[in-house]
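Undergrad: Provided below: coords-v6.pdb, containing PDB, N, CA and C atoms.
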ATOM      1  N   MET J   1     120.006 117.030  71.926
ATOM      2  CA  MET J   1     121.302 117.537  71.512
ATOM      3  C   MET J   1     121.276 117.819  70.012
ATOM      4  N   THR J   2     121.641 118.986  69.617
ATOM      5  CA  THR J   2     121.646 119.371  68.213
ATOM      6  C   THR J   2     123.001 119.060  67.610
ATOM      7  N   SER J   3     122.955 118.407  66.461
ATOM      8  CA  SER J   3     124.227 118.082  65.814
ATOM      9  C   SER J   3     124.456 119.044  64.661
ATOM     10  N   SER J   4     125.630 119.583  64.600
ATOM     11  CA  SER J   4     125.987 120.472  63.501
ATOM     12  C   SER J   4     126.856 119.699  62.524
ATOM     13  N   PRO J   5     126.848 120.101  61.263
ATOM     14  CA  PRO J   5     127.663 119.370  60.286
ATOM     15  C   PRO J   5     129.148 119.476  60.631
ATOM     16  N   ALA J   6     129.870 118.435  60.276
ATOM     17  CA  ALA J   6     131.309 118.414  60.537
ATOM     18  C   ALA J   6     131.989 119.522  59.747
ATOM     19  N   PRO J   7     133.014 120.169  60.319
ATOM     20  CA  PRO J   7     133.714 121.225  59.584
ATOM     21  C   PRO J   7     134.438 120.653  58.378
ATOM     22  N   ARG J   8     134.445 121.415  57.310
ATOM     23  CA  ARG J   8     135.130 121.001  56.088
ATOM     24  C   ARG J   8     136.315 121.909  55.850
ATOM     25  N   MET J   9     137.332 121.354  55.206
ATOM     26  CA  MET J   9     138.498 122.150  54.871
ATOM     27  C   MET J   9     138.259 122.736  53.476
ATOM     28  N   VAL J  10     138.263 124.042  53.365
ATOM     29  CA  VAL J  10     138.024 124.716  52.100
ATOM     30  C   VAL J  10     139.228 125.581  51.779
ATOM     31  N   HIS J  11     139.709 125.453  50.574
ATOM     32  CA  HIS J  11     140.856 126.248  50.139
ATOM     33  C   HIS J  11     140.434 127.100  48.956
ATOM     34  N   ASN J  12     140.890 128.292  48.940
ATOM     35  CA  ASN J  12     140.598 129.198  47.833
ATOM     36  C   ASN J  12     141.853 129.448  47.017
ATOM     37  N   TYR J  13     142.596 128.380  46.752
ATOM     38  CA  TYR J  13     143.803 128.517  45.963
ATOM     39  C   TYR J  13     143.403 128.582  44.494
ATOM     40  N   LYS J  14     143.986 129.506  43.781
ATOM     41  CA  LYS J  14     143.627 129.746  42.396
ATOM     42  C   LYS J  14     144.487 128.896  41.474
ATOM     43  N   ARG J  15     143.857 128.275  40.497
ATOM     44  CA  ARG J  15     144.599 127.524  39.502
ATOM     45  C   ARG J  15     145.295 128.478  38.550
ATOM     46  N   THR J  16     146.494 128.145  38.200
ATOM     47  CA  THR J  16     147.213 128.944  37.210
ATOM     48  C   THR J  16     147.710 128.021  36.131
ATOM     49  N   SER J  17     147.748 128.502  34.935
ATOM     50  CA  SER J  17     148.263 127.669  33.855
ATOM     51  C   SER J  17     149.621 128.196  33.438
ATOM     52  N   SER J  18     150.460 127.297  33.017
ATOM     53  CA  SER J  18     151.785 127.673  32.557
ATOM     54  C   SER J  18     152.159 126.744  31.415
ATOM     55  N   PRO J  19     153.232 127.029  30.721
ATOM     56  CA  PRO J  19     153.621 126.183  29.589
ATOM     57  C   PRO J  19     153.864 124.743  30.028
ATOM     58  N   ARG J  20     153.681 123.841  29.113
ATOM     59  CA  ARG J  20     153.884 122.425  29.409
ATOM     60  C   ARG J  20     155.322 122.173  29.814
ATOM     61  N   SER J  21     155.474 121.317  30.799
ATOM     62  CA  SER J  21     156.822 120.960  31.225
ATOM     63  C   SER J  21     157.341 119.838  30.336
ATOM     64  N   PRO J  22     158.622 119.866  30.000
ATOM     65  CA  PRO J  22     159.163 118.806  29.153
ATOM     66  C   PRO J  22     159.251 117.489  29.915
ATOM     67  N   THR J  23     159.024 116.404  29.209
ATOM     68  CA  THR J  23     159.129 115.094  29.832
ATOM     69  C   THR J  23     160.301 114.353  29.217
ATOM     70  N   ASN J  24     161.080 113.722  30.072
ATOM     71  CA  ASN J  24     162.233 112.955  29.593
ATOM     72  C   ASN J  24     161.860 111.514  29.300
ATOM     73  N   THR J  25     160.697 111.090  29.740
ATOM     74  CA  THR J  25     160.336 109.689  29.611
ATOM     75  C   THR J  25     159.636 109.385  28.296
ATOM     76  N   GLY J  26     159.301 110.393  27.513
ATOM     77  CA  GLY J  26     158.617 110.157  26.257
ATOM     78  C   GLY J  26     157.107 110.045  26.435
ATOM     79  N   GLU J  27     156.619 110.115  27.660
ATOM     80  CA  GLU J  27     155.187 110.048  27.892
ATOM     81  C   GLU J  27     154.562 111.385  27.532
ATOM     82  N   LEU J  28     153.382 111.338  26.963
ATOM     83  CA  LEU J  28     152.692 112.565  26.616
ATOM     84  C   LEU J  28     151.540 112.771  27.590
ATOM     85  N   PHE J  29     151.500 113.944  28.184
ATOM     86  CA  PHE J  29     150.416 114.300  29.072
ATOM     87  C   PHE J  29     149.650 115.452  28.445
ATOM     88  N   THR J  30     148.351 115.426  28.595
ATOM     89  CA  THR J  30     147.557 116.522  28.065
ATOM     90  C   THR J  30     147.784 117.762  28.923
ATOM     91  N   PRO J  31     147.570 118.929  28.354
ATOM     92  CA  PRO J  31     147.701 120.153  29.161
ATOM     93  C   PRO J  31     146.761 120.141  30.370
ATOM     94  N   ALA J  32     145.563 119.573  30.211
ATOM     95  CA  ALA J  32     144.617 119.502  31.334
ATOM     96  C   ALA J  32     145.171 118.627  32.450
ATOM     97  N   HIS J  33     145.797 117.506  32.093
ATOM     98  CA  HIS J  33     146.394 116.619  33.091
ATOM     99  C   HIS J  33     147.501 117.353  33.840
ATOM    100  N   GLU J  34     148.368 118.015  33.112
ATOM    101  CA  GLU J  34     149.470 118.729  33.740
ATOM    102  C   GLU J  34     148.959 119.850  34.634
ATOM    103  N   GLU J  35     147.903 120.535  34.215
ATOM    104  CA  GLU J  35     147.336 121.601  35.039
ATOM    105  C   GLU J  35     146.771 121.020  36.340
ATOM    106  N   ASN J  36     146.093 119.872  36.245
ATOM    107  CA  ASN J  36     145.550 119.231  37.445
ATOM    108  C   ASN J  36     146.652 118.795  38.394
ATOM    109  N   VAL J  37     147.698 118.207  37.865
ATOM    110  CA  VAL J  37     148.822 117.765  38.700
ATOM    111  C   VAL J  37     149.476 118.974  39.364
ATOM    112  N   ARG J  38     149.694 120.041  38.612
ATOM    113  CA  ARG J  38     150.302 121.253  39.151
ATOM    114  C   ARG J  38     149.420 121.851  40.251
ATOM    115  N   PHE J  39     148.100 121.881  40.009
ATOM    116  CA  PHE J  39     147.171 122.421  40.999
ATOM    117  C   PHE J  39     147.224 121.617  42.295
ATOM    118  N   ILE J  40     147.195 120.288  42.182
ATOM    119  CA  ILE J  40     147.242 119.434  43.367
ATOM    120  C   ILE J  40     148.570 119.624  44.098
ATOM    121  N   HIS J  41     149.659 119.658  43.361
ATOM    122  CA  HIS J  41     150.972 119.842  43.976
ATOM    123  C   HIS J  41     151.058 121.179  44.699
ATOM    124  N   ASP J  42     150.664 122.261  44.020
ATOM    125  CA  ASP J  42     150.749 123.591  44.623
ATOM    126  C   ASP J  42     149.852 123.710  45.851
ATOM    127  N   THR J  43     148.651 123.155  45.762
ATOM    128  CA  THR J  43     147.718 123.210  46.889
ATOM    129  C   THR J  43     148.261 122.405  48.061
ATOM    130  N   TRP J  44     148.825 121.238  47.776
ATOM    131  CA  TRP J  44     149.387 120.405  48.842
ATOM    132  C   TRP J  44     150.553 121.129  49.525
ATOM    133  N   GLN J  45     151.374 121.812  48.748
ATOM    134  CA  GLN J  45     152.489 122.570  49.328
ATOM    135  C   GLN J  45     151.963 123.658  50.262
ATOM    136  N   CYS J  46     150.870 124.312  49.876
ATOM    137  CA  CYS J  46     150.267 125.343  50.736
ATOM    138  C   CYS J  46     149.736 124.725  52.027
ATOM    139  N   VAL J  47     149.096 123.563  51.921
ATOM    140  CA  VAL J  47     148.574 122.887  53.109
ATOM    141  C   VAL J  47     149.713 122.502  54.039
ATOM    142  N   MET J  48     150.780 121.922  53.486
ATOM    143  CA  MET J  48     151.913 121.516  54.318
ATOM    144  C   MET J  48     152.569 122.730  54.980
ATOM    145  N   ARG J  49     152.685 123.830  54.250
ATOM    146  CA  ARG J  49     153.250 125.044  54.817
ATOM    147  C   ARG J  49     152.367 125.545  55.963
ATOM    148  N   ASP J  50     151.044 125.511  55.766
ATOM    149  CA  ASP J  50     150.123 125.963  56.811
ATOM    150  C   ASP J  50     150.192 125.069  58.047
ATOM    151  N   ILE J  51     150.327 123.769  57.847
ATOM    152  CA  ILE J  51     150.408 122.840  58.984
ATOM    153  C   ILE J  51     151.690 123.078  59.778
ATOM    154  N   LYS J  52     152.780 123.335  59.075
ATOM    155  CA  LYS J  52     154.076 123.486  59.745
ATOM    156  C   LYS J  52     154.325 124.894  60.276
ATOM    157  N   SER J  53     153.451 125.841  59.962
ATOM    158  CA  SER J  53     153.688 127.214  60.409
ATOM    159  C   SER J  53     153.514 127.320  61.916
ATOM    160  N   PRO J  54     154.232 128.236  62.553
ATOM    161  CA  PRO J  54     154.159 128.383  64.014
ATOM    162  C   PRO J  54     152.759 128.731  64.509
ATOM    163  N   GLN J  55     151.959 129.401  63.710
ATOM    164  CA  GLN J  55     150.614 129.764  64.139
ATOM    165  C   GLN J  55     149.645 128.601  64.074
ATOM    166  N   SER J  56     150.027 127.462  63.476
ATOM    167  CA  SER J  56     149.092 126.353  63.310
ATOM    168  C   SER J  56     148.591 125.815  64.644
ATOM    169  N   SER J  57     149.411 125.862  65.687
ATOM    170  CA  SER J  57     148.980 125.367  66.999
ATOM    171  C   SER J  57     147.961 126.313  67.633
ATOM    172  N   GLU J  58     147.940 127.564  67.192
ATOM    173  CA  GLU J  58     146.996 128.531  67.738
ATOM    174  C   GLU J  58     145.654 128.501  67.024
ATOM    175  N   ARG J  59     145.580 127.814  65.901
ATOM    176  CA  ARG J  59     144.388 127.843  65.068
ATOM    177  C   ARG J  59     143.227 127.011  65.599
ATOM    178  N   ASN J  60     143.516 125.994  66.364
ATOM    179  CA  ASN J  60     142.505 125.058  66.869
ATOM    180  C   ASN J  60     141.758 124.409  65.721
ATOM    181  N   ASP J  61     140.509 124.816  65.466
ATOM    182  CA  ASP J  61     139.708 124.149  64.445
ATOM    183  C   ASP J  61     139.704 124.876  63.107
ATOM    184  N   ARG J  62     140.486 125.924  62.962
ATOM    185  CA  ARG J  62     140.537 126.644  61.687
ATOM    186  C   ARG J  62     141.760 126.196  60.904
ATOM    187  N   GLY J  63     141.640 126.184  59.603
ATOM    188  CA  GLY J  63     142.765 125.824  58.757
ATOM    189  C   GLY J  63     142.986 124.321  58.698
ATOM    190  N   PRO J  64     144.006 123.899  57.966
ATOM    191  CA  PRO J  64     144.256 122.460  57.827
ATOM    192  C   PRO J  64     144.731 121.846  59.132
ATOM    193  N   GLN J  65     144.318 120.619  59.347
ATOM    194  CA  GLN J  65     144.749 119.883  60.530
ATOM    195  C   GLN J  65     145.260 118.523  60.091
ATOM    196  N   GLU J  66     146.311 118.089  60.733
ATOM    197  CA  GLU J  66     146.877 116.788  60.415
ATOM    198  C   GLU J  66     146.097 115.711  61.150
ATOM    199  N   TYR J  67     145.664 114.688  60.410
ATOM    200  CA  TYR J  67     144.904 113.594  61.003
ATOM    201  C   TYR J  67     145.850 112.645  61.726
ATOM    202  N   VAL J  68     145.506 112.292  62.951
ATOM    203  CA  VAL J  68     146.281 111.325  63.722
ATOM    204  C   VAL J  68     145.321 110.245  64.188
ATOM    205  N   GLU J  69     145.628 109.012  63.852
ATOM    206  CA  GLU J  69     144.787 107.873  64.214
ATOM    207  C   GLU J  69     144.741 107.717  65.723
ATOM    208  N   LYS J  70     143.529 107.626  66.295
ATOM    209  CA  LYS J  70     143.400 107.464  67.747
ATOM    210  C   LYS J  70     143.769 106.048  68.180
ATOM    211  N   ASN J  71     143.376 105.081  67.384
ATOM    212  CA  ASN J  71     143.695 103.677  67.667
ATOM    213  C   ASN J  71     144.416 103.108  66.452
ATOM    214  N   PRO J  72     145.735 103.259  66.379
ATOM    215  CA  PRO J  72     146.470 102.797  65.206
ATOM    216  C   PRO J  72     146.331 101.297  64.979
ATOM    217  N   ASN J  73     146.293 100.931  63.718
ATOM    218  CA  ASN J  73     146.205  99.535  63.324
ATOM    219  C   ASN J  73     147.580  98.896  63.549
ATOM    220  N   PRO J  74     147.664  97.849  64.375
ATOM    221  CA  PRO J  74     148.970  97.224  64.645
ATOM    222  C   PRO J  74     149.629  96.651  63.386
ATOM    223  N   ALA J  75     148.833  96.285  62.389
ATOM    224  CA  ALA J  75     149.400  95.737  61.157
ATOM    225  C   ALA J  75     150.185  96.796  60.395
ATOM    226  N   LEU J  76     149.907  98.074  60.670
ATOM    227  CA  LEU J  76     150.594  99.157  59.973
ATOM    228  C   LEU J  76     151.754  99.727  60.792
ATOM    229  N   HIS J  77     152.122  99.064  61.850
ATOM    230  CA  HIS J  77     153.179  99.552  62.734
ATOM    231  C   HIS J  77     154.492  99.800  61.988
ATOM    232  N   SER J  78     154.828  98.927  61.055
ATOM    233  CA  SER J  78     156.106  99.067  60.346
ATOM    234  C   SER J  78     155.962  99.846  59.040
ATOM    235  N   PHE J  79     154.800 100.437  58.781
ATOM    236  CA  PHE J  79     154.575 101.186  57.545
ATOM    237  C   PHE J  79     155.469 102.420  57.483
ATOM    238  N   THR J  80     156.100 102.595  56.343
ATOM    239  CA  THR J  80     156.930 103.773  56.114
ATOM    240  C   THR J  80     156.358 104.511  54.910
ATOM    241  N   PRO J  81     156.004 105.788  55.062
ATOM    242  CA  PRO J  81     155.480 106.537  53.917
ATOM    243  C   PRO J  81     156.511 106.633  52.806
ATOM    244  N   VAL J  82     156.035 106.724  51.584
ATOM    245  CA  VAL J  82     156.906 106.808  50.423
ATOM    246  C   VAL J  82     157.146 108.275  50.095
ATOM    247  N   ASP J  83     158.394 108.625  49.861
ATOM    248  CA  ASP J  83     158.750 109.986  49.449
ATOM    249  C   ASP J  83     158.744 110.027  47.923
ATOM    250  N   LEU J  84     157.638 110.525  47.357
ATOM    251  CA  LEU J  84     157.502 110.525  45.904
ATOM    252  C   LEU J  84     158.537 111.416  45.233
ATOM    253  N   SER J  85     158.949 112.474  45.883
ATOM    254  CA  SER J  85     159.972 113.348  45.308
ATOM    255  C   SER J  85     161.290 112.598  45.144
ATOM    256  N   GLU J  86     161.628 111.791  46.131
ATOM    257  CA  GLU J  86     162.864 111.006  46.068
ATOM    258  C   GLU J  86     162.785 109.966  44.946
ATOM    259  N   ILE J  87     161.655 109.313  44.804
ATOM    260  CA  ILE J  87     161.489 108.321  43.736
ATOM    261  C   ILE J  87     161.616 108.994  42.372
ATOM    262  N   LYS J  88     160.978 110.163  42.220
ATOM    263  CA  LYS J  88     161.059 110.879  40.949
ATOM    264  C   LYS J  88     162.499 111.273  40.656
ATOM    265  N   ARG J  89     163.218 111.763  41.675
ATOM    266  CA  ARG J  89     164.610 112.157  41.494
ATOM    267  C   ARG J  89     165.455 110.955  41.062
ATOM    268  N   ARG J  90     165.252 109.810  41.720
ATOM    269  CA  ARG J  90     166.016 108.607  41.356
ATOM    270  C   ARG J  90     165.697 108.166  39.935
ATOM    271  N   ASN J  91     164.407 108.192  39.567
ATOM    272  CA  ASN J  91     164.019 107.791  38.215
ATOM    273  C   ASN J  91     164.600 108.730  37.171
ATOM    274  N   THR J  92     164.642 110.024  37.480
ATOM    275  CA  THR J  92     165.213 110.998  36.566
ATOM    276  C   THR J  92     166.705 110.751  36.397
ATOM    277  N   GLN J  93     167.398 110.476  37.497
ATOM    278  CA  GLN J  93     168.836 110.187  37.430
ATOM    279  C   GLN J  93     169.098 108.910  36.662
ATOM    280  N   ASP J  94     168.255 107.878  36.881
ATOM    281  CA  ASP J  94     168.429 106.615  36.169
ATOM    282  C   ASP J  94     168.214 106.780  34.662
ATOM    283  N   SER J  95     167.232 107.608  34.281
ATOM    284  CA  SER J  95     166.962 107.799  32.853
ATOM    285  C   SER J  95     168.086 108.580  32.196
ATOM    286  N   LYS J  96     168.765 109.450  32.934
ATOM    287  CA  LYS J  96     169.900 110.210  32.372
ATOM    288  C   LYS J  96     171.107 109.314  32.170
ATOM    289  N   LYS J  97     171.244 108.276  33.020
ATOM    290  CA  LYS J  97     172.381 107.366  32.910
ATOM    291  C   LYS J  97     172.274 106.462  31.685
ATOM    292  N   SER J  98     171.048 106.121  31.299
ATOM    293  CA  SER J  98     170.886 105.190  30.178
ATOM    294  C   SER J  98     170.775 105.869  28.837
TER     295      SER J  98
END
Let me see the file written as structure tokens.
TA:
Amino acid sequence: MTSSPAPRMVHNYKRTSSPRSPTNTGELFTPAHEENVRFIHDTWQCVMRDIKSPQSSERNDRGPQEYVEKNPNPALHSFTPVDLSEIKRRNTQDSKKS
């Protein structure tokens, strides 16, 4: 039996640079850091859009696929994912109040 390498997910999303975003927390981020964060965020948004698109079920092994554990760990049964956007929004609102 011949084994072929596992398929890899490859994205050809182009990095773009834009002016630095203002920070309300007083933290300083380098332009390179901000570009990396923006790239990861934009790429993740594209992946999520591709996963949720109606054609995603027709793709089979092409494009991004959502990983689903075949044998879930019972210790993680009550795990709830964290919504980072909500945390950021709350932190931003809290910093405006003080």
Undergrad: In Å, with one decimal, what is the gap from atom C of Lys52 (chain J) to atom N of Ser85 (chain J)?
TA: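 For atom C of Lys52 (chain J) relative to atom N of Ser85 (chain J), the distance reads 19.6 Å.
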Undergrad: Quick one: distance from atom N of Lys70 (chain J) to atom N of Trp44 (chain J) in Å, one decimal?
TA: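 Atom N of Lys70 (chain J) sits 23.6 Å away from atom N of Trp44 (chain J).
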Undergrad: Just to confirm, what's the straight-line distance from CA of Asp42 (chain J) to atom C of Asp94 (chain J) in Å (one decimal)?
TA: 26.2 Å
